[in-house]
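K.L.:
Have a look at this one before I ask anything.
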Amino acid sequence: MSYDKCVRCGSCVKFCPMFDAIGEEQFSPRGKNYLLQVMDEIEDDAELAKEFRRLLFQCSMCGKCAEICSSDVDLLQIWHKQRAKAYETAPEEFEYLDALKNALANVRNIYGLPMDDRAIYWVDEIEMSFPNIEDRLYEKGKTADVMVFLGCLMSFRGSQIDVLKSFITMLEELDIKYLVMGAEEFCCGHPLDLAGDEEGAKDLQKHNRQVIKSAKAKQVITCCPGCLMQLRNHHQLDAEVLHHTQFFDRLLDEIPSYNQTESFAYHDPCELHRLCEVKVEPRSLLRKMDIDYREMELSCCGGGGLLRLTDPNLSDKIIQLRAQKENLENTTVITCCPACREQLLGTNLKTKDIVELIDQSFRGE
Ligand code: SF4
Ligand code: SF4
């Protein structure tokens with residue numbers, strides 16, 4: 001077992017955003033690993049075992065601990081496996097996950113909204129600017145080289161509409177032959193994977209794979225790093241899967257300079273840079289637009305790992321601490337992940353996705 005390799009050096013402790021927010025060892029990767037190592041004794045201690053199961057879901061699955069550990073402890077894989085085991089052992093302790101699981105089983109999105117709404121809300125919002133947008137929605141028999149996989153947040157959340165508008169604007173301006181999966185899109189399975197339900201995630205992915213195959217897409221693009229991870233690693237697609245920053249960086253050798261009047265800081269989404277290893281392209285795009293920005297510490301926004309659902313107070317505390325430490329007053333935070341964006345907006349921070357900046361640069365705004 002990989003957790004046996006932990007030598008308790010403590011290198012991971014101070015980098016863990018949970019430990020940083022709470023300051024108690026049991027929230028740290030080392031603390032949880034220690035509890036795992038003495039699991040036999042814990043299992044005799046029902047209260048402690050219950051506490052351990054709770055701790056497993058007080059983690060944003062940011063992957064920082066796995067990156068830091070030099071003893072090859074595969075921490076992210078451990079957290080995944082232990083979450084699955086915890087849910088299996090005591091499902092009654094995770095009733096708050098039932099609504100999510102039921103929504104995904106019944107209507108295939110995390111919000112429990114009708115399936116057709118995936119291609120209604122945002123279409124209504126942008127139809128004035130793009131009267132032919134409905135032609136871009138996938139239906140059986142339609143094909144395109146590029147398939148757009150929006151994901152649940154981008155499809156349903158009003159807070160994402162500006163990003164979506166800029167994204168569609170750029171695809172149209174660049175004359176990309178694309179389709180949006182729309183009502184035929186199922187959740188990528190990421191939330192189920194994080195809840196330890198790999199089989200449930202696979203069911204959703206099977207449908208997406210069939211749709212993408214029948215559209216004969218050569219590329220799939222998404223703005224969401226969580227979807228990116230699932231599409232790349234678990235959908236078994238023949239198509240190339242790209243984050244929108246990769247797609248645009250490849251296509252755009254030059255971008256008009258951005259008319260900058262504000263201070264910018266770049267928040268690099270954990271799932272994008274650490275788990276998908278997309279680090280160069282977002283920065284390359286910012287450079288092409290001549291944007292002057294500062295790098296924020298490579299740290300979590302508190303929005304991943306289902307933490308918003310399992311412990312919203314802790315999730316809030318993490319983003320608030322981050323805002324304080326980085327002194328973000330009078331700064332617009334650039335990012336390229338809808339979940340990070342939700343966290344930033346929830347703390348009243350100003351934020352822009354990179355594709356909004358690209359769109360504005362081309363429009364000379
Ligand atoms: S860095 Fe690795 S070896 Fe060190 S305490 Fe953390 S998990 Fe254990
Ligand atoms: S994945 Fe992130 S939040 Fe979870 S234990 Fe590791 S460093 Fe802490």
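Ordering of the structure tokens sets the chain letters (A, B, ...); residue numbers start at 1 within each chain; ligands are numbered from 1 in the order shown.
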Need to verify the contact set: range 316-318 of chain A, 7 Å, only C-alpha atoms, exclusion of same-chain residues closer than 5 positions in sequence. Can you return it as a PyMOL selection string?
P.N.:
chain A and resi 17+21+301-302
K.L.:
Output the selection as a short mmCIF file (atom, residue, chain, number, x, y, z; two decimals), in the first residue's frame - N, CA and C atoms for each residue.
P.N.:
data_model
loop_
_atom_site.label_atom_id
_atom_site.label_comp_id
_atom_site.auth_asym_id
_atom_site.auth_seq_id
_atom_site.Cartn_x
_atom_site.Cartn_y
_atom_site.Cartn_z
N PRO A 17 -4.02 23.19 1.81
CA PRO A 17 -4.91 24.32 2.14
C PRO A 17 -5.85 24.03 3.31
N ALA A 21 -5.95 26.34 6.61
CA ALA A 21 -7.18 27.02 7.07
C ALA A 21 -7.52 26.64 8.51
N CYS A 301 -8.21 27.16 -4.66
CA CYS A 301 -9.25 28.18 -4.39
C CYS A 301 -10.28 27.65 -3.39
N GLY A 302 -10.20 26.37 -3.08
CA GLY A 302 -11.16 25.78 -2.12
C GLY A 302 -12.43 25.27 -2.78
#
K.L.:
Please identify the helix (DSSP H, G or I) residues within range 39-275 of chain A (assignment by DSSP from backbone atoms) and present them as a ChimeraX atom specification.
P.N.:
/A:39-44,46-56,64-68,75-89,91-106,115-119,121-126,133-136,151-156,158-173,182-184,190-194,198-214,225-233,244-251,270-275
K.L.:
So which residues are near ligand 2, meaning at most 10 Å away with only C-alpha atoms and all ligand atoms counted, given back as a ChimeraX atom specification?
P.N.:
/A:12-20,26-33,55-69,75-80,270,299-300,302,304-305,307
K.L.:
Restrict the selected residues to N, CA and C atoms and save them as a short mmCIF file (atom, residue, chain, number, x, y, z; two decimals), in the first residue's frame.
P.N.:
data_model
loop_
_atom_site.label_atom_id
_atom_site.label_comp_id
_atom_site.auth_asym_id
_atom_site.auth_seq_id
_atom_site.Cartn_x
_atom_site.Cartn_y
_atom_site.Cartn_z
N CYS A 12 4.58 17.81 3.31
CA CYS A 12 3.29 18.12 2.68
C CYS A 12 2.40 19.01 3.56
N VAL A 13 2.66 19.01 4.86
CA VAL A 13 1.69 19.59 5.81
C VAL A 13 1.41 21.06 5.52
N LYS A 14 2.47 21.85 5.44
CA LYS A 14 2.22 23.30 5.34
C LYS A 14 1.67 23.72 3.98
N PHE A 15 1.75 22.83 3.00
CA PHE A 15 1.22 23.18 1.67
C PHE A 15 -0.25 22.82 1.51
N CYS A 16 -0.79 22.09 2.46
CA CYS A 16 -2.18 21.64 2.34
C CYS A 16 -3.12 22.80 2.71
N PRO A 17 -4.02 23.19 1.81
CA PRO A 17 -4.91 24.32 2.14
C PRO A 17 -5.85 24.03 3.31
N MET A 18 -6.15 22.75 3.56
CA MET A 18 -7.02 22.41 4.70
C MET A 18 -6.27 22.68 6.01
N PHE A 19 -5.01 22.24 6.05
CA PHE A 19 -4.21 22.48 7.25
C PHE A 19 -4.00 23.99 7.43
N ASP A 20 -3.76 24.65 6.33
CA ASP A 20 -3.53 26.09 6.39
C ASP A 20 -4.75 26.80 6.98
N GLN A 26 -4.75 16.56 11.84
CA GLN A 26 -5.57 15.51 11.22
C GLN A 26 -6.14 15.93 9.86
N PHE A 27 -6.15 17.25 9.61
CA PHE A 27 -6.64 17.72 8.30
C PHE A 27 -5.54 17.65 7.23
N SER A 28 -4.32 17.47 7.68
CA SER A 28 -3.19 17.48 6.74
C SER A 28 -3.04 16.11 6.09
N PRO A 29 -2.34 16.04 4.94
CA PRO A 29 -2.12 14.74 4.30
C PRO A 29 -1.36 13.79 5.24
N ARG A 30 -0.35 14.31 5.94
CA ARG A 30 0.40 13.43 6.86
C ARG A 30 -0.51 12.89 7.94
N GLY A 31 -1.37 13.75 8.47
CA GLY A 31 -2.28 13.32 9.54
C GLY A 31 -3.23 12.24 9.07
N LYS A 32 -3.77 12.43 7.87
CA LYS A 32 -4.71 11.41 7.34
C LYS A 32 -3.98 10.11 7.05
N ASN A 33 -2.76 10.24 6.53
CA ASN A 33 -1.97 9.03 6.25
C ASN A 33 -1.66 8.27 7.52
N LEU A 55 -13.13 13.37 7.47
CA LEU A 55 -11.92 14.09 7.05
C LEU A 55 -11.59 13.86 5.58
N LEU A 56 -11.90 12.66 5.12
CA LEU A 56 -11.59 12.35 3.71
C LEU A 56 -12.31 13.29 2.74
N PHE A 57 -13.47 13.77 3.16
CA PHE A 57 -14.23 14.67 2.30
C PHE A 57 -13.98 16.14 2.65
N GLN A 58 -13.09 16.37 3.59
CA GLN A 58 -12.65 17.75 3.87
C GLN A 58 -11.28 17.94 3.20
N CYS A 59 -11.30 17.86 1.91
CA CYS A 59 -10.09 17.90 1.09
C CYS A 59 -10.54 18.37 -0.27
N SER A 60 -9.79 19.29 -0.88
CA SER A 60 -10.23 19.82 -2.18
C SER A 60 -9.65 19.01 -3.34
N MET A 61 -8.95 17.94 -3.02
CA MET A 61 -8.33 17.07 -4.04
C MET A 61 -7.46 17.91 -5.00
N CYS A 62 -6.77 18.89 -4.40
CA CYS A 62 -5.98 19.81 -5.22
C CYS A 62 -4.70 19.17 -5.75
N GLY A 63 -4.26 18.09 -5.12
CA GLY A 63 -3.09 17.36 -5.60
C GLY A 63 -1.76 17.93 -5.15
N LYS A 64 -1.79 18.99 -4.35
CA LYS A 64 -0.53 19.62 -3.93
C LYS A 64 0.32 18.64 -3.11
N CYS A 65 -0.35 17.87 -2.24
CA CYS A 65 0.40 16.94 -1.38
C CYS A 65 1.12 15.89 -2.23
N ALA A 66 0.44 15.38 -3.25
CA ALA A 66 1.06 14.36 -4.11
C ALA A 66 2.26 14.95 -4.85
N GLU A 67 2.16 16.21 -5.21
CA GLU A 67 3.25 16.87 -5.93
C GLU A 67 4.47 17.06 -5.02
N ILE A 68 4.22 17.38 -3.75
CA ILE A 68 5.30 17.68 -2.81
C ILE A 68 6.01 16.41 -2.33
N CYS A 69 5.25 15.33 -2.12
CA CYS A 69 5.80 14.14 -1.46
C CYS A 69 6.96 13.53 -2.26
N LEU A 75 -0.77 10.12 -3.05
CA LEU A 75 -1.82 10.62 -2.14
C LEU A 75 -3.18 10.79 -2.82
N LEU A 76 -3.18 11.33 -4.03
CA LEU A 76 -4.50 11.54 -4.67
C LEU A 76 -5.22 10.22 -4.90
N GLN A 77 -4.46 9.22 -5.31
CA GLN A 77 -5.09 7.91 -5.54
C GLN A 77 -5.61 7.34 -4.21
N ILE A 78 -4.84 7.57 -3.16
CA ILE A 78 -5.27 7.10 -1.83
C ILE A 78 -6.58 7.78 -1.44
N TRP A 79 -6.65 9.10 -1.62
CA TRP A 79 -7.88 9.82 -1.22
C TRP A 79 -9.07 9.31 -2.02
N HIS A 80 -8.86 9.08 -3.33
CA HIS A 80 -9.96 8.57 -4.17
C HIS A 80 -10.45 7.22 -3.63
N CYS A 270 -5.90 24.38 -10.04
CA CYS A 270 -5.14 23.17 -9.66
C CYS A 270 -5.32 22.05 -10.66
N SER A 299 -1.78 27.67 -5.57
CA SER A 299 -2.53 27.10 -4.45
C SER A 299 -4.01 27.08 -4.77
N CYS A 300 -4.73 26.30 -3.95
CA CYS A 300 -6.12 25.96 -4.23
C CYS A 300 -7.09 27.12 -3.91
N GLY A 302 -10.20 26.37 -3.08
CA GLY A 302 -11.16 25.78 -2.12
C GLY A 302 -12.43 25.27 -2.78
N GLY A 304 -12.62 22.77 -5.20
CA GLY A 304 -12.58 21.44 -5.81
C GLY A 304 -12.91 20.32 -4.83
N GLY A 305 -12.86 19.10 -5.34
CA GLY A 305 -12.98 17.91 -4.47
C GLY A 305 -14.34 17.74 -3.85
N LEU A 307 -15.70 19.97 -2.14
CA LEU A 307 -15.66 20.66 -0.84
C LEU A 307 -16.79 21.67 -0.68
#
K.L.:
Which residues, written as a ChimeraX atom specification, have at least one atom at most 6 Å from range 353-365 of chain A, with only C-alpha atoms counted and residues fewer than 4 positions away on the same chain left out?
P.N.:
/A:163,166,256,258,334-336
K.L.:
Neighbours of Gln210 in chain A within 10 Å (only C-alpha atoms; same-chain residues fewer than 5 positions away dropped), as a list of chain:residue names?
P.N.:
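Counting only C-alpha atoms, the residues come to A:Gln205, A:Ala215, A:Lys216, A:His235, A:Leu237.
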K.L.:
Could you write out that same residue set with N, CA and C atoms as a PDB file, in the first residue's frame?
P.N.:
ATOM      1  N   GLN A 205     -20.037   8.578 -18.928  1.00  0.00           N
ATOM      2  CA  GLN A 205     -18.981   8.739 -19.940  1.00  0.00           C
ATOM      3  C   GLN A 205     -19.269   7.918 -21.200  1.00  0.00           C
ATOM      4  N   ALA A 215     -20.601  12.091 -33.931  1.00  0.00           N
ATOM      5  CA  ALA A 215     -20.393  13.406 -34.573  1.00  0.00           C
ATOM      6  C   ALA A 215     -19.099  13.436 -35.385  1.00  0.00           C
ATOM      7  N   LYS A 216     -18.326  12.351 -35.309  1.00  0.00           N
ATOM      8  CA  LYS A 216     -17.043  12.225 -36.029  1.00  0.00           C
ATOM      9  C   LYS A 216     -16.061  13.359 -35.659  1.00  0.00           C
ATOM     10  N   HIS A 235     -12.755   8.949 -20.739  1.00  0.00           N
ATOM     11  CA  HIS A 235     -13.779   8.768 -21.777  1.00  0.00           C
ATOM     12  C   HIS A 235     -13.339   7.852 -22.927  1.00  0.00           C
ATOM     13  N   LEU A 237     -11.622   8.400 -25.709  1.00  0.00           N
ATOM     14  CA  LEU A 237     -12.033   8.995 -26.993  1.00  0.00           C
ATOM     15  C   LEU A 237     -10.950   8.814 -28.052  1.00  0.00           C
TER      16      LEU A 237
END
K.L.:
Could you check the closest approach to ligand 1 for each of A:Gln320, A:Ser2, A:Gln260, A:Ser70 and tell me which residue wins, using only C-alpha atoms and all ligand atoms?
P.N.:
A:Ser70
K.L.:
Could you check which of A:Lys165, A:Lys218, A:Arg294, A:Lys352 is closest to Ser129 in chain A, using only C-alpha atoms?
P.N.:
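Using only C-alpha atoms, the shortest distance to Ser129 in chain A belongs to A:Lys165.
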